[in-house]
Every structure is written in structure tokens, then in C-alpha cells.
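To be precise, the following lines are coords-v3.cif, and they hold mmCIF, C-alpha atoms.
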```cif
data_model
#
loop_
_atom_site.label_atom_id
_atom_site.label_comp_id
_atom_site.auth_asym_id
_atom_site.auth_seq_id
_atom_site.Cartn_x
_atom_site.Cartn_y
_atom_site.Cartn_z
CA MET N 1114 -16.59 49.86 -13.65
CA GLY N 1115 -14.55 46.79 -14.72
CA ARG N 1116 -14.68 45.11 -11.29
CA LEU N 1117 -18.44 45.40 -10.77
CA PRO N 1118 -19.50 42.87 -13.48
CA ILE N 1119 -16.89 40.36 -12.24
CA THR N 1120 -18.07 40.77 -8.64
CA LEU N 1121 -21.72 40.33 -9.64
CA CYS N 1122 -20.85 37.14 -11.59
CA LEU N 1123 -18.98 35.69 -8.62
CA VAL N 1124 -21.89 36.49 -6.25
CA ALA N 1125 -24.37 34.90 -8.69
CA LEU N 1126 -22.21 31.76 -8.98
CA ASP N 1127 -21.89 31.54 -5.20
CA LEU N 1128 -25.66 31.87 -4.69
CA GLY N 1129 -26.27 29.31 -7.43
CA ALA N 1130 -23.95 26.84 -5.73
CA LEU N 1131 -25.66 27.54 -2.39
CA ALA N 1132 -29.03 26.72 -3.91
CA GLN N 1133 -27.78 23.33 -5.17
CA VAL N 1134 -27.12 21.95 -1.68
CA PRO N 1135 -30.12 20.19 -0.06
CA GLY N 1136 -31.51 22.45 2.65
CA GLY N 1137 -29.94 25.51 1.04
CA THR N 1138 -27.37 25.98 3.78
CA GLY N 1139 -24.34 25.69 1.52
CA GLY N 1140 -22.95 22.67 3.30
CA LEU N 1141 -22.64 24.50 6.61
CA GLU N 1142 -24.36 21.76 8.64
CA PRO N 1143 -22.32 20.52 11.57
CA ARG N 1144 -20.42 17.34 10.66
CA VAL N 1145 -20.79 14.27 12.79
CA HIS N 1146 -17.36 12.87 13.55
CA THR N 1147 -17.12 9.10 13.22
CA PRO N 1148 -13.83 7.83 14.61
CA SER N 1149 -11.84 5.49 12.43
CA LYS N 1150 -10.76 2.08 13.64
CA LEU N 1151 -7.21 0.81 13.72
CA HIS N 1152 -7.06 -2.65 12.18
CA ASP N 1153 -4.29 -5.02 13.30
CA GLU N 1154 -4.18 -8.26 11.32
CA LEU N 1155 -2.14 -11.35 10.58
CA THR N 1156 -2.02 -11.34 6.78
CA LEU N 1157 -1.09 -13.47 3.80
CA HIS N 1158 1.31 -11.52 1.59
CA ALA N 1159 0.44 -12.29 -2.06
CA GLY N 1160 1.95 -10.61 -5.08
CA TRP N 1161 3.39 -10.70 -8.56
CA SER N 1162 6.61 -8.98 -9.68
CA GLN N 1163 7.30 -8.49 -13.37
CA GLY N 1164 10.59 -7.43 -14.86
CA SER N 1165 12.55 -9.49 -17.37
CA PHE N 1166 11.19 -12.48 -15.45
CA GLY N 1167 7.95 -12.94 -13.52
CA PHE N 1168 8.02 -13.87 -9.82
CA VAL N 1169 5.21 -15.01 -7.51
CA GLU N 1170 5.45 -13.73 -3.91
CA LEU N 1171 3.90 -15.47 -0.89
CA GLY N 1172 4.49 -14.81 2.77
CA ILE N 1173 2.98 -14.09 6.14
CA GLY N 1174 3.09 -10.81 8.04
CA ARG N 1175 1.43 -8.28 10.27
CA THR N 1176 -0.51 -5.37 8.80
CA LEU N 1177 -1.90 -2.27 10.53
CA TYR N 1178 -4.21 0.07 8.65
CA THR N 1179 -6.83 2.76 9.20
CA GLN N 1180 -8.73 5.40 7.27
CA ARG N 1181 -9.51 8.87 8.53
CA HIS N 1182 -8.53 11.71 6.21
CA MET N 1183 -6.65 9.29 3.96
CA PRO N 1184 -6.21 5.51 3.89
CA VAL N 1185 -2.92 4.51 5.48
CA GLY N 1186 -1.32 1.17 6.17
CA ALA N 1187 1.97 -0.30 7.31
CA GLY N 1188 3.33 -3.74 7.90
CA TYR N 1189 6.15 -6.22 7.88
CA TYR N 1190 6.38 -9.74 6.52
CA ALA N 1191 8.58 -12.75 5.74
CA GLY N 1192 8.11 -15.02 2.78
CA VAL N 1193 9.43 -16.44 -0.48
CA GLU N 1194 9.38 -15.47 -4.11
CA LEU N 1195 9.89 -17.85 -7.00
CA ARG N 1196 9.78 -17.98 -10.76
CA PRO N 1197 6.87 -20.11 -11.98
CA ASP N 1198 8.77 -21.10 -15.13
CA ARG N 1199 11.92 -22.05 -13.13
CA PRO N 1200 10.83 -23.03 -9.58
CA GLU N 1201 14.41 -23.90 -8.63
CA VAL N 1202 15.16 -20.13 -8.67
CA MET N 1203 13.72 -18.78 -5.43
CA GLY N 1204 14.35 -16.12 -2.84
CA VAL N 1205 13.70 -16.01 0.89
CA LYS N 1206 12.72 -12.48 1.89
CA ALA N 1207 11.86 -10.17 4.77
CA GLY N 1208 10.40 -6.74 4.24
CA ALA N 1209 8.46 -3.76 5.55
CA TYR N 1210 6.27 -1.14 3.89
CA MET N 1211 4.19 1.99 4.51
CA ASN N 1212 1.20 3.12 2.40
CA ALA N 1213 -0.38 6.57 2.40
CA PHE N 1214 -1.19 6.98 -1.31
CA VAL N 1215 2.58 6.92 -1.74
CA SER N 1216 3.96 3.49 -0.95
CA LEU N 1217 7.51 3.06 0.35
CA GLY N 1218 9.08 -0.26 1.22
CA VAL N 1219 12.29 -2.23 1.65
CA GLN N 1220 13.11 -5.91 1.34
CA LEU N 1221 16.11 -8.11 1.98
CA ILE N 1222 16.18 -11.19 -0.24
CA ALA N 1223 18.53 -14.19 -0.37
CA TYR N 1224 18.25 -15.92 -3.76
CA THR N 1225 19.28 -19.48 -4.54
CA GLY N 1226 19.32 -21.26 -7.87
CA PRO N 1227 21.28 -23.72 -9.97
CA ASP N 1228 23.44 -20.86 -11.31
CA GLY N 1229 24.52 -19.66 -7.86
CA GLU N 1230 23.19 -17.69 -4.95
CA GLY N 1231 23.19 -14.06 -3.92
CA ALA N 1232 21.62 -11.46 -1.67
CA VAL N 1233 19.93 -8.19 -2.60
CA PHE N 1234 18.51 -5.11 -0.91
CA ARG N 1235 15.32 -3.96 -2.66
CA PRO N 1236 13.92 -0.45 -2.09
CA GLU N 1237 10.52 0.21 -3.65
CA ILE N 1238 8.31 3.20 -4.32
CA GLY N 1239 4.85 3.44 -5.83
CA ILE N 1240 1.20 3.99 -4.99
CA GLY N 1241 -0.72 2.20 -2.27
CA ALA N 1242 -3.60 2.43 0.15
CA LEU N 1243 -4.60 0.33 3.13
CA LYS N 1244 -3.42 -3.23 2.28
CA GLY N 1245 -2.65 -2.99 -1.45
CA LYS N 1246 0.15 -1.43 -3.47
CA VAL N 1247 1.71 -1.13 -6.92
CA THR N 1248 5.41 -0.35 -6.77
CA TYR N 1249 8.58 -0.01 -8.83
CA ALA N 1250 11.51 -1.80 -7.22
CA TYR N 1251 15.24 -2.12 -7.90
CA ASN N 1252 17.51 -4.91 -6.68
CA VAL N 1253 20.79 -3.65 -5.24
CA GLY N 1254 23.13 -6.64 -4.96
CA PHE N 1255 25.48 -6.78 -2.00
CA SER N 1256 26.99 -10.21 -2.51
CA SER N 1257 29.92 -10.98 -4.78
CA VAL N 1258 27.90 -13.43 -6.92
CA GLN N 1259 24.56 -12.49 -8.47
CA VAL N 1260 22.01 -15.06 -9.64
CA PRO N 1261 21.60 -14.40 -13.39
CA ALA N 1262 17.93 -15.49 -13.50
CA VAL N 1263 16.79 -12.63 -11.20
CA ASN N 1264 15.42 -9.21 -12.22
CA THR N 1265 17.44 -6.05 -11.63
CA HIS N 1266 14.28 -3.91 -11.58
CA MET N 1267 10.55 -4.66 -11.70
CA VAL N 1268 6.96 -3.57 -11.13
CA SER N 1269 5.20 -5.35 -8.26
CA PHE N 1270 1.49 -5.81 -7.51
CA THR N 1271 0.90 -6.80 -3.88
CA TYR N 1272 -2.07 -7.30 -1.58
CA TYR N 1273 -2.25 -8.44 2.05
CA LEU N 1274 -5.18 -10.82 2.72
CA ARG N 1275 -6.48 -11.06 6.29
CA LEU N 1276 -5.93 -14.41 7.97
CA LEU N 1277 -6.70 -13.38 11.54
CA ARG N 1278 -7.61 -10.24 13.48
CA LEU N 1279 -5.02 -9.69 16.22
CA PRO N 1280 -5.93 -8.56 19.78
CA GLY N 1281 -5.00 -4.93 18.99
CA ASP N 1282 -7.65 -4.72 16.24
CA GLU N 1283 -10.32 -2.22 17.30
CA SER N 1284 -12.98 -4.17 15.38
CA ARG N 1285 -12.64 -6.89 18.04
CA ARG N 1286 -13.28 -4.50 20.93
CA PRO N 1287 -16.82 -4.01 22.22
CA ALA N 1288 -18.46 -0.72 21.33
CA THR N 1289 -18.55 1.87 24.10
CA VAL N 1290 -21.58 4.08 24.64
CA ARG N 1291 -20.90 7.66 25.64
#
```
Translate the structure of the given file into C-alpha cells.
Amino acid sequence: MGRLPITLCLVALDLGALAQVPGGTGGLEPRVHTPSKLHDELTLHAGWSQGSFGFVELGIGRTLYTQRHMPVGAGYYAGVELRPDRPEVMGVKAGAYMNAFVSLGVQLIAYTGPDGEGAVFRPEIGIGALKGKVTYAYNVGFSSVQVPAVNTHMVSFTYYLRLLRLPGDESRRPATVR
């Protein structure tokens, strides 16, 4: 006796949901598959890192991204980062990243400044999709001298702006009729 009212409620809810869908088929129409395109681009790496000090990031790189079930992207780049309030403190960097809602990346940076120079390895983790990401990063120094005007950890906001579509970009290919 106790299961019958619950079963009737579930059937009524299911029929009510079925009636809400246009056509009354309950969303059982066949789906048309539209293939996603792989984008391959030469990009401008632009970002801001904020820890104890703020740093502007600029560079050039290659970015690949697509969107099917989820937006994913990956790329590598080379560039510089500098403190706007002390432009003599700057770092030359190379890095790579992968975005699929979770963003993972690594960078190698050689800093120079009036107080000395040093090199760091920077792993980062955060959220990202396609060509943008927000990450937390930590500088792991592997030189004997560390530049004092550089963050040990930070939050970074980064986006990769398209400069040029590369030959592997499927948007450049002519459409095929099947």
C-alpha cells in the first residue's frame, strides 16, 4: 500500500515532464550531430598576475582548441612579464597549458632586476575553457639567488587573442558536402 502512492506520483511527474516538451515526445527526437572544428591559431598571450605585486604578461604562442562535449584548449607560448610599477623587474618566460574546465600549466621564468636575477619553475592550476583561464600559481625557485621583488604565489588571469589562423585550422578548410 505504501509503494502505490509513490509510484503514481512518479508516473504523474514523468507524464507532466513529457507534456512540457514541444511535440510531446519527451525529447526522444533523433539528434543531428554537428562535428566540432579544431582551431589552430597563432595567439597573443595577454594576462595579469596578482600576488604581493602585480605583473603584466605578454607573449606569443600557438593555441589549439575545440568544443564538442566540453570546451578544451591547449597551447604553448614564450613571452615576458613585468611589474608596471617597477619596469626594471622583468621575467622572460616559456610555458604550456591545457584547459578542460580544469586548467593545468607550467612555466619556466628567468627574472632580472636591480636586486639580482633568478630562475623559477611555476606550476599552475585553476579553471579554464578554450582560450581563457584563471589560475593559482606558485613560484618554485631553483637558482641560488631569488629576486626579492617577485611573487612567491599569485592568481593569474590569462587570455589568448587570435593573431592568425594557422594552416591546420579547420575553419580555413573548404566545407565538404556528403
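Take atom CA of Val1169 of chain N and atom CA of Val1215 of chain N: the distance between them is 22.8 Å.
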* To do: Counting all atoms listed in the file, figure out which residue out of N:Tyr1190, N:Phe1214, N:Phe1234, N:Tyr1178 gets nearest to Val1247 of chain N.
  =>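 Nearest candidate to Val1247 of chain N out of N:Tyr1190, N:Phe1214, N:Phe1234, N:Tyr1178: N:Phe1214.
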* **Option closest in space to Met1203 of chain N, from N:Leu1217, N:Ile1238, N:Leu1157, N:Val1263 [counting only C-alpha atoms]** =>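 Looking only at the distances to Met1203 of chain N, the closest residue turns out to be N:Val1263.
Taking atom CA of Leu1195 of chain N and atom CA of Ala1213 of chain N as the two end points, the separation is 28.1 Å.
The nearest approach to Tyr1272 of chain N among the residues N:Ala1191, N:Val1185, N:Leu1171, N:Ile1222, with all atoms listed in the file taken into account, belongs to N:Leu1171.
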Let me have the centre and edge lengths of the axis-aligned box enclosing all listed atoms of segment 1224-1238 of chain N with 8 Å padding on every side, in Å to one decimal, as AutoDock Vina command-line options.
```
--center_x 16.4 --center_y -10.3 --center_z -6.1 --size_x 32.2 --size_y 42.9 --size_z 26.4
```
* For the structure shown, which residues end up in the PyMOL selection byres ((chain N and resi 1249) around 10)? Put them as an MDAnalysis selection string, please? => chainID N and resid 1162:1164 1216:1217 1235:1240 1247:1248 1250:1251 1266:1270
Same residues, C-alpha atoms, output as a JSON list (two decimals), in the frame of the given file:
```
[["chain", "number", "residue", "atom", "x", "y", "z"],
["N", 1162, "SER", "CA", 6.61, -8.98, -9.68],
["N", 1163, "GLN", "CA", 7.30, -8.49, -13.37],
["N", 1164, "GLY", "CA", 10.59, -7.43, -14.86],
["N", 1216, "SER", "CA", 3.96, 3.49, -0.95],
["N", 1217, "LEU", "CA", 7.51, 3.06, 0.35],
["N", 1235, "ARG", "CA", 15.32, -3.96, -2.66],
["N", 1236, "PRO", "CA", 13.92, -0.45, -2.09],
["N", 1237, "GLU", "CA", 10.52, 0.21, -3.65],
["N", 1238, "ILE", "CA", 8.31, 3.20, -4.32],
["N", 1239, "GLY", "CA", 4.85, 3.44, -5.83],
["N", 1240, "ILE", "CA", 1.20, 3.99, -4.99],
["N", 1247, "VAL", "CA", 1.71, -1.13, -6.92],
["N", 1248, "THR", "CA", 5.41, -0.35, -6.77],
["N", 1250, "ALA", "CA", 11.51, -1.80, -7.22],
["N", 1251, "TYR", "CA", 15.24, -2.12, -7.90],
["N", 1266, "HIS", "CA", 14.28, -3.91, -11.58],
["N", 1267, "MET", "CA", 10.55, -4.66, -11.70],
["N", 1268, "VAL", "CA", 6.96, -3.57, -11.13],
["N", 1269, "SER", "CA", 5.20, -5.35, -8.26],
["N", 1270, "PHE", "CA", 1.49, -5.81, -7.51]]
```
* Structure fact -> Pairwise distance, atom CA of Gly1218 of chain N with atom CA of Gly1241 of chain N, equals 10.7 Å
* Take the PyMOL selection byres ((chain N and resi 1184) around 12), apply it to the structure above, and return the hits as a PyMOL selection string. => chain N and resi 1149-1152+1177-1183+1185-1187+1211-1216+1240-1246
* To do: Just give me the residues with any atom within 12 Å of (-0.8, -14.4, 2.0), file coordinates, counting all atoms listed in the file, written as a PyMOL selection string.
  => chain N and resi 1154-1161+1169-1176+1190-1194+1244+1271-1277
Take the residues from that selection and write them out as an mmCIF file, keeping the file's coordinate frame, keeping C-alpha atoms.
```cif
data_model
loop_
_atom_site.group_PDB
_atom_site.id
_atom_site.type_symbol
_atom_site.label_atom_id
_atom_site.label_comp_id
_atom_site.auth_asym_id
_atom_site.auth_seq_id
_atom_site.Cartn_x
_atom_site.Cartn_y
_atom_site.Cartn_z
ATOM 1 C CA GLU N 1154 -4.180 -8.260 11.320
ATOM 2 C CA LEU N 1155 -2.140 -11.350 10.580
ATOM 3 C CA THR N 1156 -2.020 -11.340 6.780
ATOM 4 C CA LEU N 1157 -1.090 -13.470 3.800
ATOM 5 C CA HIS N 1158 1.310 -11.520 1.590
ATOM 6 C CA ALA N 1159 0.440 -12.290 -2.060
ATOM 7 C CA GLY N 1160 1.950 -10.610 -5.080
ATOM 8 C CA TRP N 1161 3.390 -10.700 -8.560
ATOM 9 C CA VAL N 1169 5.210 -15.010 -7.510
ATOM 10 C CA GLU N 1170 5.450 -13.730 -3.910
ATOM 11 C CA LEU N 1171 3.900 -15.470 -0.890
ATOM 12 C CA GLY N 1172 4.490 -14.810 2.770
ATOM 13 C CA ILE N 1173 2.980 -14.090 6.140
ATOM 14 C CA GLY N 1174 3.090 -10.810 8.040
ATOM 15 C CA ARG N 1175 1.430 -8.280 10.270
ATOM 16 C CA THR N 1176 -0.510 -5.370 8.800
ATOM 17 C CA TYR N 1190 6.380 -9.740 6.520
ATOM 18 C CA ALA N 1191 8.580 -12.750 5.740
ATOM 19 C CA GLY N 1192 8.110 -15.020 2.780
ATOM 20 C CA VAL N 1193 9.430 -16.440 -0.480
ATOM 21 C CA GLU N 1194 9.380 -15.470 -4.110
ATOM 22 C CA LYS N 1244 -3.420 -3.230 2.280
ATOM 23 C CA THR N 1271 0.900 -6.800 -3.880
ATOM 24 C CA TYR N 1272 -2.070 -7.300 -1.580
ATOM 25 C CA TYR N 1273 -2.250 -8.440 2.050
ATOM 26 C CA LEU N 1274 -5.180 -10.820 2.720
ATOM 27 C CA ARG N 1275 -6.480 -11.060 6.290
ATOM 28 C CA LEU N 1276 -5.930 -14.410 7.970
ATOM 29 C CA LEU N 1277 -6.700 -13.380 11.540
#
```
List the residues matched by the PyMOL selection byres ((chain N and resi 1200) around 12) in the displayed structure as a compact mmCIF listing (two decimals) with C-alpha atoms, in the coordinates of the input, ordered by chain and then by residue number.
```txt
# COMPACT_ATOMS: atom_id res chain seq x y z
CA GLY N 1167 7.95 -12.94 -13.52
CA PHE N 1168 8.02 -13.87 -9.82
CA VAL N 1169 5.21 -15.01 -7.51
CA VAL N 1193 9.43 -16.44 -0.48
CA GLU N 1194 9.38 -15.47 -4.11
CA LEU N 1195 9.89 -17.85 -7.00
CA ARG N 1196 9.78 -17.98 -10.76
CA PRO N 1197 6.87 -20.11 -11.98
CA ASP N 1198 8.77 -21.10 -15.13
CA ARG N 1199 11.92 -22.05 -13.13
CA GLU N 1201 14.41 -23.90 -8.63
CA VAL N 1202 15.16 -20.13 -8.67
CA MET N 1203 13.72 -18.78 -5.43
CA GLY N 1204 14.35 -16.12 -2.84
CA TYR N 1224 18.25 -15.92 -3.76
CA THR N 1225 19.28 -19.48 -4.54
CA GLY N 1226 19.32 -21.26 -7.87
CA PRO N 1227 21.28 -23.72 -9.97
CA ALA N 1262 17.93 -15.49 -13.50
```
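For Ser1256 of chain N, the list of residues within 6 Å, based on all atoms listed in the file and with local chain neighbours fewer than 2 positions off taken out, reads Gly1231, Ala1232, Gly1254 and Val1258 of chain N.
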* So which one's closest to Ser1165 of chain N, N:Gly1208, N:Gly1229, N:Pro1261, N:Gly1188? Using all atoms listed in the file, please. ->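 Among the listed residues, N:Pro1261 lies closest to Ser1165 of chain N.
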* With only C-alpha atoms as the basis for distance, which of N:Ser1257, N:Leu1221, N:Arg1278, N:Thr1265 is at the shortest distance from Asp1153 of chain N? -> N:Arg1278
